[in-house]
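Report on one structure; see the data block that follows.
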Amino acid sequence: MSRTRAVLPVLPVLAVGAFAIGTDTFVVAGVLPEVVEGLKSSLADVGWVSTVFALTYAVLAPVLGALTGRVDRRTVLVVSLVVFAFGNAASALAPSLGWLLAARVATAAGAALYIPAASASAAALSAPERRGRAMAVVLGGLSAATVAGVPFGTWLAADLGWRSTFWLLAGLGAVCAAAVAGGLPEVRLPASPGLAARLAPVRDARVLFTVLTTLLFMTGGYLVLTYIGAVLAPATDGNGTTLALLLLVFGVLAVGGTVLGGRATDRFGATPVLLASVAGLAVVLATLPLTRDGLATAVLAMAAWGITAMSTQPPQQHRLFAIAPTSGPLLLSLNSSATFAGISLGGFIGGRVIAHGGAHGLDRLGQLGAVLAVLALGTALIGVRVKDGGPAAGRQAPAAPAPATGKSG
């Protein structure tokens, strides 16, 4: 069976797992009021539920990626989904905020292990000319979470209580673990001589600039997205339903942006697609002070934002995987770490801008976000122009490795 044929049935399974993790990542913001009431805590304290998850993910993603680089991808994926399921079950049973925070750490550990492993599996099982599209399918699960998972989880929490949302995610994680165990062929990436060799690409300047690029444009985007309700208040008149529809527009176009980014990467190459996407994101953020006052212009802005933001991810993952395929899980983990660090950093910096920006604080969010996106363009270009890849240069594996696949006996 060819690699392309082997990967087709399992890509949707990998995408569903990413959907569960994406929902878990972003739904907490929608259920915070219910958690505050249920645990009799303050909104500021419960806000740490999101922060702890993102920070844990950011710290553990590269560490777990390095430690599991030689392990069969199927095993890694099943373990990550089981941990994810148990973490959500513990979240649903949490009797106190401290218990909930500990459960979110465990959940984030599973999530940090899953997304890079799923992306690496999709890339390794695909023919080189279809690698961008394969990664886009997995990332599409994350995008789809903003369209369906987050609204549904928020509604479920409002109707049946916040614990029901975590029970749903625990069940979804368990189902995905069973599906991966039964449906994914064994995938082993070409082995490096040892841990030191697998870590060597981390010192490659191309890797550092690529990861820094992700950190910059994610921070710029989440400067605004964390406070999107307040930013779009002039267009929504404070109506939650209208805001939800605008976020739906963002989510639907984000899915389209992921697909577009994957296909364009296969056709035009990763670098042109990344530069065009980040430039588009900079324009969207810079013009938000002009587009956030009217509903029609806000719809256009959210649509453009969804496309440009998510079309950045397939080329970034493709670039990292091509630098050193044998260290693919570690490098993709670094990119995931940068993504979640950007989410945390964007929310933190945005809060400071609003607190000290006076009457124009909300407008300055978009302006500062655009500046960070422009800086991301600069680091992306520097990464492309770097000639000396660092210690790993000249020792990396070929760009299109042939992974060991097949059913274990």
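Letters A, B, ... mark the chains of the structure tokens in the order given; residue numbers begin at 1 per chain; ligand numbers begin at 1, in order shown.
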
Wanna dump the region 207-265 of chain A-region 364-388 of chain A contacts at 9 Å for me, each residue with its shortest atom pair and the distance in Å to one decimal, counting only C-alpha atoms, ordered by chain and number, as JSON lines?
{"residue": "A:Val207", "atom": "CA", "partner": "A:Gly383", "partner_atom": "CA", "distance": 7.7}
{"residue": "A:Leu208", "atom": "CA", "partner": "A:Gly383", "partner_atom": "CA", "distance": 7.9}
{"residue": "A:Phe209", "atom": "CA", "partner": "A:Gly383", "partner_atom": "CA", "distance": 5.1}
{"residue": "A:Thr210", "atom": "CA", "partner": "A:Ala380", "partner_atom": "CA", "distance": 6.2}
{"residue": "A:Leu212", "atom": "CA", "partner": "A:Thr379", "partner_atom": "CA", "distance": 7.0}
{"residue": "A:Thr213", "atom": "CA", "partner": "A:Ala376", "partner_atom": "CA", "distance": 4.6}
{"residue": "A:Thr214", "atom": "CA", "partner": "A:Ala376", "partner_atom": "CA", "distance": 7.3}
{"residue": "A:Leu215", "atom": "CA", "partner": "A:Ala376", "partner_atom": "CA", "distance": 8.1}
{"residue": "A:Leu216", "atom": "CA", "partner": "A:Ala376", "partner_atom": "CA", "distance": 5.4}
{"residue": "A:Phe217", "atom": "CA", "partner": "A:Ala373", "partner_atom": "CA", "distance": 4.8}
{"residue": "A:Met218", "atom": "CA", "partner": "A:Ala373", "partner_atom": "CA", "distance": 8.3}
{"residue": "A:Thr219", "atom": "CA", "partner": "A:Gly369", "partner_atom": "CA", "distance": 7.3}
{"residue": "A:Gly220", "atom": "CA", "partner": "A:Gly369", "partner_atom": "CA", "distance": 3.7}
{"residue": "A:Gly221", "atom": "CA", "partner": "A:Gly369", "partner_atom": "CA", "distance": 5.9}
{"residue": "A:Tyr222", "atom": "CA", "partner": "A:Gly369", "partner_atom": "CA", "distance": 8.0}
{"residue": "A:Leu223", "atom": "CA", "partner": "A:Leu365", "partner_atom": "CA", "distance": 6.0}
{"residue": "A:Val224", "atom": "CA", "partner": "A:Leu365", "partner_atom": "CA", "distance": 5.6}
{"residue": "A:Val231", "atom": "CA", "partner": "A:Leu365", "partner_atom": "CA", "distance": 8.7}

Find the residues around Ala85 (chain A) up to 7 Å (only C-alpha atoms counted), leave out those fewer than 5 positions away in its own chain, and share them as a list in words.
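The contact residues come out as Leu169, Ala170, Gly171, Gly173 and Ala174 of chain A.
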
Which of these, A:Val299, A:Ala338, A:Leu101, A:Val252, has the shortest distance to Trp48 (chain A) once you count only C-alpha atoms?
A:Leu101

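For the choices A:Phe26, A:Gly342, A:Val211, A:Leu11, the atom-to-atom distance to Ser121 (chain A) is smallest for A:Leu11 when using only C-alpha atoms.
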
Grab the CA of Leu113 (chain A) to CA of Pro62 (chain A) distance for me, in Å with one decimal place.
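If I compute the distance from CA of Leu113 (chain A) to CA of Pro62 (chain A), I get 8.8 Å.
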
Under the rule of at most 12 Å, produce a per-residue listing of region 8-28 of chain A near region 122-137 of chain A: chain, number, name, the closest pair of atoms, and the distance in Å, as a tab-separated table, using only C-alpha atoms.
residue	atom	partner	partner_atom	distance
A:Leu8	CA	A:Ala134	CA	8.9
A:Pro9	CA	A:Ala122	CA	11.1
A:Val10	CA	A:Ala122	CA	8.6
A:Leu11	CA	A:Val137	CA	6.7
A:Pro12	CA	A:Val137	CA	7.4
A:Val13	CA	A:Val137	CA	10.0
A:Leu14	CA	A:Ala122	CA	8.2
A:Ala15	CA	A:Val137	CA	6.2
A:Val16	CA	A:Val137	CA	9.8
A:Gly17	CA	A:Val137	CA	11.4
A:Ala18	CA	A:Val137	CA	9.6
A:Phe19	CA	A:Val137	CA	10.7

Selection to disk with N, CA, C and O atoms, as an mmCIF file, in the first residue's frame:
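Result file out34.cif:
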data_model
loop_
_atom_site.group_PDB
_atom_site.id
_atom_site.type_symbol
_atom_site.label_atom_id
_atom_site.label_comp_id
_atom_site.auth_asym_id
_atom_site.auth_seq_id
_atom_site.Cartn_x
_atom_site.Cartn_y
_atom_site.Cartn_z
ATOM 1 N N LEU A 8 -4.735 8.353 4.132
ATOM 2 C CA LEU A 8 -6.046 8.957 3.947
ATOM 3 C C LEU A 8 -7.046 8.607 5.039
ATOM 4 O O LEU A 8 -7.730 9.480 5.554
ATOM 5 N N PRO A 9 -7.195 7.312 5.455
ATOM 6 C CA PRO A 9 -8.192 7.002 6.471
ATOM 7 C C PRO A 9 -7.868 7.576 7.849
ATOM 8 O O PRO A 9 -8.773 7.793 8.638
ATOM 9 N N VAL A 10 -6.601 7.768 8.185
ATOM 10 C CA VAL A 10 -6.247 8.168 9.535
ATOM 11 C C VAL A 10 -6.187 9.683 9.711
ATOM 12 O O VAL A 10 -6.278 10.169 10.833
ATOM 13 N N LEU A 11 -6.052 10.427 8.644
ATOM 14 C CA LEU A 11 -6.002 11.884 8.784
ATOM 15 C C LEU A 11 -7.237 12.451 9.477
ATOM 16 O O LEU A 11 -7.119 13.316 10.353
ATOM 17 N N PRO A 12 -8.451 11.995 9.123
ATOM 18 C CA PRO A 12 -9.618 12.515 9.854
ATOM 19 C C PRO A 12 -9.576 12.192 11.344
ATOM 20 O O PRO A 12 -10.020 13.006 12.164
ATOM 21 N N VAL A 13 -9.059 11.023 11.702
ATOM 22 C CA VAL A 13 -8.947 10.672 13.113
ATOM 23 C C VAL A 13 -7.993 11.623 13.828
ATOM 24 O O VAL A 13 -8.280 12.120 14.925
ATOM 25 N N LEU A 14 -6.852 11.889 13.206
ATOM 26 C CA LEU A 14 -5.899 12.837 13.785
ATOM 27 C C LEU A 14 -6.521 14.222 13.912
ATOM 28 O O LEU A 14 -6.284 14.937 14.887
ATOM 29 N N ALA A 15 -7.334 14.599 12.928
ATOM 30 C CA ALA A 15 -7.975 15.911 12.953
ATOM 31 C C ALA A 15 -9.003 15.998 14.071
ATOM 32 O O ALA A 15 -9.149 17.047 14.711
ATOM 33 N N VAL A 16 -9.736 14.906 14.332
ATOM 34 C CA VAL A 16 -10.720 14.916 15.418
ATOM 35 C C VAL A 16 -10.022 15.080 16.770
ATOM 36 O O VAL A 16 -10.505 15.800 17.655
ATOM 37 N N GLY A 17 -8.881 14.425 16.929
ATOM 38 C CA GLY A 17 -8.113 14.622 18.157
ATOM 39 C C GLY A 17 -7.676 16.065 18.319
ATOM 40 O O GLY A 17 -7.754 16.638 19.415
ATOM 41 N N ALA A 18 -7.226 16.679 17.223
ATOM 42 C CA ALA A 18 -6.848 18.094 17.268
ATOM 43 C C ALA A 18 -8.053 18.973 17.574
ATOM 44 O O ALA A 18 -7.947 19.987 18.273
ATOM 45 N N PHE A 19 -9.228 18.572 17.055
ATOM 46 C CA PHE A 19 -10.468 19.298 17.343
ATOM 47 C C PHE A 19 -10.762 19.290 18.840
ATOM 48 O O PHE A 19 -11.111 20.329 19.423
#

Name the residues of region 68-201 of chain A that fall into helix (DSSP H, G or I) according to DSSP on the backbone, using the chain letters and numbers of this document, as an NGL selection string.
:A and (73-93 or 97-124 or 128-160 or 162-183 or 195-201)

Selection export as a CSV table (one decimal), in the first residue's frame, atoms kept: C-alpha atoms:
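The file below, again.csv, is the result:
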chain,number,residue,atom,x,y,z
A,73,ARG,CA,4.1,7.9,16.7
A,74,ARG,CA,1.0,5.7,17.3
A,75,THR,CA,2.1,5.0,20.9
A,76,VAL,CA,2.8,8.7,21.5
A,77,LEU,CA,-0.6,9.7,20.2
A,78,VAL,CA,-2.5,7.1,22.2
A,79,VAL,CA,-0.7,8.0,25.4
A,80,SER,CA,-1.2,11.7,24.9
A,81,LEU,CA,-5.0,11.2,24.3
A,82,VAL,CA,-5.3,9.0,27.3
A,83,VAL,CA,-3.6,11.6,29.5
A,84,PHE,CA,-5.8,14.3,27.9
A,85,ALA,CA,-9.0,12.2,28.7
A,86,PHE,CA,-8.0,11.6,32.3
A,87,GLY,CA,-7.0,15.3,32.7
A,88,ASN,CA,-10.5,16.4,31.5
A,89,ALA,CA,-12.2,13.8,33.8
A,90,ALA,CA,-10.2,15.2,36.7
A,91,SER,CA,-11.2,18.7,35.7
A,92,ALA,CA,-14.9,17.7,35.7
A,93,LEU,CA,-14.5,16.2,39.2
A,97,LEU,CA,-9.8,25.7,42.2
A,98,GLY,CA,-6.5,24.1,43.2
A,99,TRP,CA,-7.7,20.7,42.1
A,100,LEU,CA,-8.9,22.2,38.8
A,101,LEU,CA,-5.5,23.9,38.2
A,102,ALA,CA,-3.7,20.6,38.8
A,103,ALA,CA,-6.0,18.8,36.4
A,104,ARG,CA,-5.4,21.5,33.7
A,105,VAL,CA,-1.7,20.9,34.0
A,106,ALA,CA,-2.2,17.2,33.3
A,107,THR,CA,-4.5,18.0,30.4
A,108,ALA,CA,-2.1,20.4,28.9
A,109,ALA,CA,0.7,17.8,29.1
A,110,GLY,CA,-1.4,15.5,26.9
A,111,ALA,CA,-2.3,18.2,24.5
A,112,ALA,CA,1.4,19.3,24.3
A,113,LEU,CA,2.4,15.8,23.2
A,114,TYR,CA,-0.5,15.3,20.8
A,115,ILE,CA,-0.4,18.2,18.3
A,116,PRO,CA,3.2,17.9,17.2
A,117,ALA,CA,3.0,14.1,17.1
A,118,ALA,CA,-0.1,14.2,14.9
A,119,SER,CA,1.4,16.8,12.6
A,120,ALA,CA,4.6,14.7,12.3
A,121,SER,CA,2.6,11.6,11.6
A,122,ALA,CA,0.6,13.3,8.9
A,123,ALA,CA,3.8,14.6,7.3
A,124,ALA,CA,5.7,11.3,7.5
A,128,PRO,CA,6.4,15.1,-0.2
A,129,GLU,CA,4.2,17.0,-2.7
A,130,ARG,CA,1.1,16.5,-0.4
A,131,ARG,CA,2.8,17.1,2.9
A,132,GLY,CA,1.4,20.7,3.3
A,133,ARG,CA,-2.1,19.5,2.7
A,134,ALA,CA,-1.7,16.6,5.2
A,135,MET,CA,-0.6,18.9,7.9
A,136,ALA,CA,-3.4,21.3,7.1
A,137,VAL,CA,-6.0,18.5,7.7
A,138,VAL,CA,-4.7,18.0,11.2
A,139,LEU,CA,-4.5,21.8,11.9
A,140,GLY,CA,-8.0,22.0,10.4
A,141,GLY,CA,-9.2,20.2,13.5
A,142,LEU,CA,-7.8,23.1,15.6
A,143,SER,CA,-9.5,25.6,13.4
A,144,ALA,CA,-12.8,23.7,13.4
A,145,ALA,CA,-12.8,23.9,17.2
A,146,THR,CA,-13.4,27.7,16.9
A,147,VAL,CA,-16.4,27.1,14.6
A,148,ALA,CA,-18.2,24.2,16.4
A,149,GLY,CA,-16.4,23.0,19.5
A,150,VAL,CA,-16.1,26.3,21.4
A,151,PRO,CA,-19.7,27.5,20.8
A,152,PHE,CA,-21.1,24.0,21.6
A,153,GLY,CA,-19.0,23.6,24.7
A,154,THR,CA,-20.0,27.1,25.9
A,155,TRP,CA,-23.7,26.3,25.3
A,156,LEU,CA,-23.4,23.0,27.1
A,157,ALA,CA,-21.8,24.6,30.1
A,158,ALA,CA,-24.6,27.2,30.3
A,159,ASP,CA,-27.3,24.5,30.0
A,160,LEU,CA,-25.9,21.6,31.9
A,162,TRP,CA,-19.4,23.6,33.3
A,163,ARG,CA,-18.5,20.1,34.4
A,164,SER,CA,-20.4,18.6,31.5
A,165,THR,CA,-18.1,20.3,29.0
A,166,PHE,CA,-15.1,18.6,30.5
A,167,TRP,CA,-16.9,15.3,30.6
A,168,LEU,CA,-17.6,15.7,26.9
A,169,LEU,CA,-13.9,16.4,26.1
A,170,ALA,CA,-12.8,13.4,28.3
A,171,GLY,CA,-15.1,11.2,26.3
A,172,LEU,CA,-14.0,12.5,23.0
A,173,GLY,CA,-10.3,12.0,24.0
A,174,ALA,CA,-11.0,8.4,24.9
A,175,VAL,CA,-12.8,7.7,21.6
A,176,CYS,CA,-9.9,9.2,19.7
A,177,ALA,CA,-7.4,7.2,21.6
A,178,ALA,CA,-9.2,4.0,20.7
A,179,ALA,CA,-9.5,5.1,17.0
A,180,VAL,CA,-5.8,5.9,16.8
A,181,ALA,CA,-4.8,2.7,18.4
A,182,GLY,CA,-6.8,0.7,16.0
A,183,GLY,CA,-6.5,2.7,12.8
A,195,LEU,CA,19.3,12.6,22.2
A,196,ALA,CA,22.1,15.1,21.6
A,197,ALA,CA,21.7,14.7,17.8
A,198,ARG,CA,18.0,15.1,18.0
A,199,LEU,CA,18.5,18.3,20.0
A,200,ALA,CA,21.2,19.7,17.6
A,201,PRO,CA,18.6,21.3,15.2

Enter the distance from CA of His360 (chain A) to CA of Val28 (chain A), in Å, rounded to one decimal.
28.2 Å
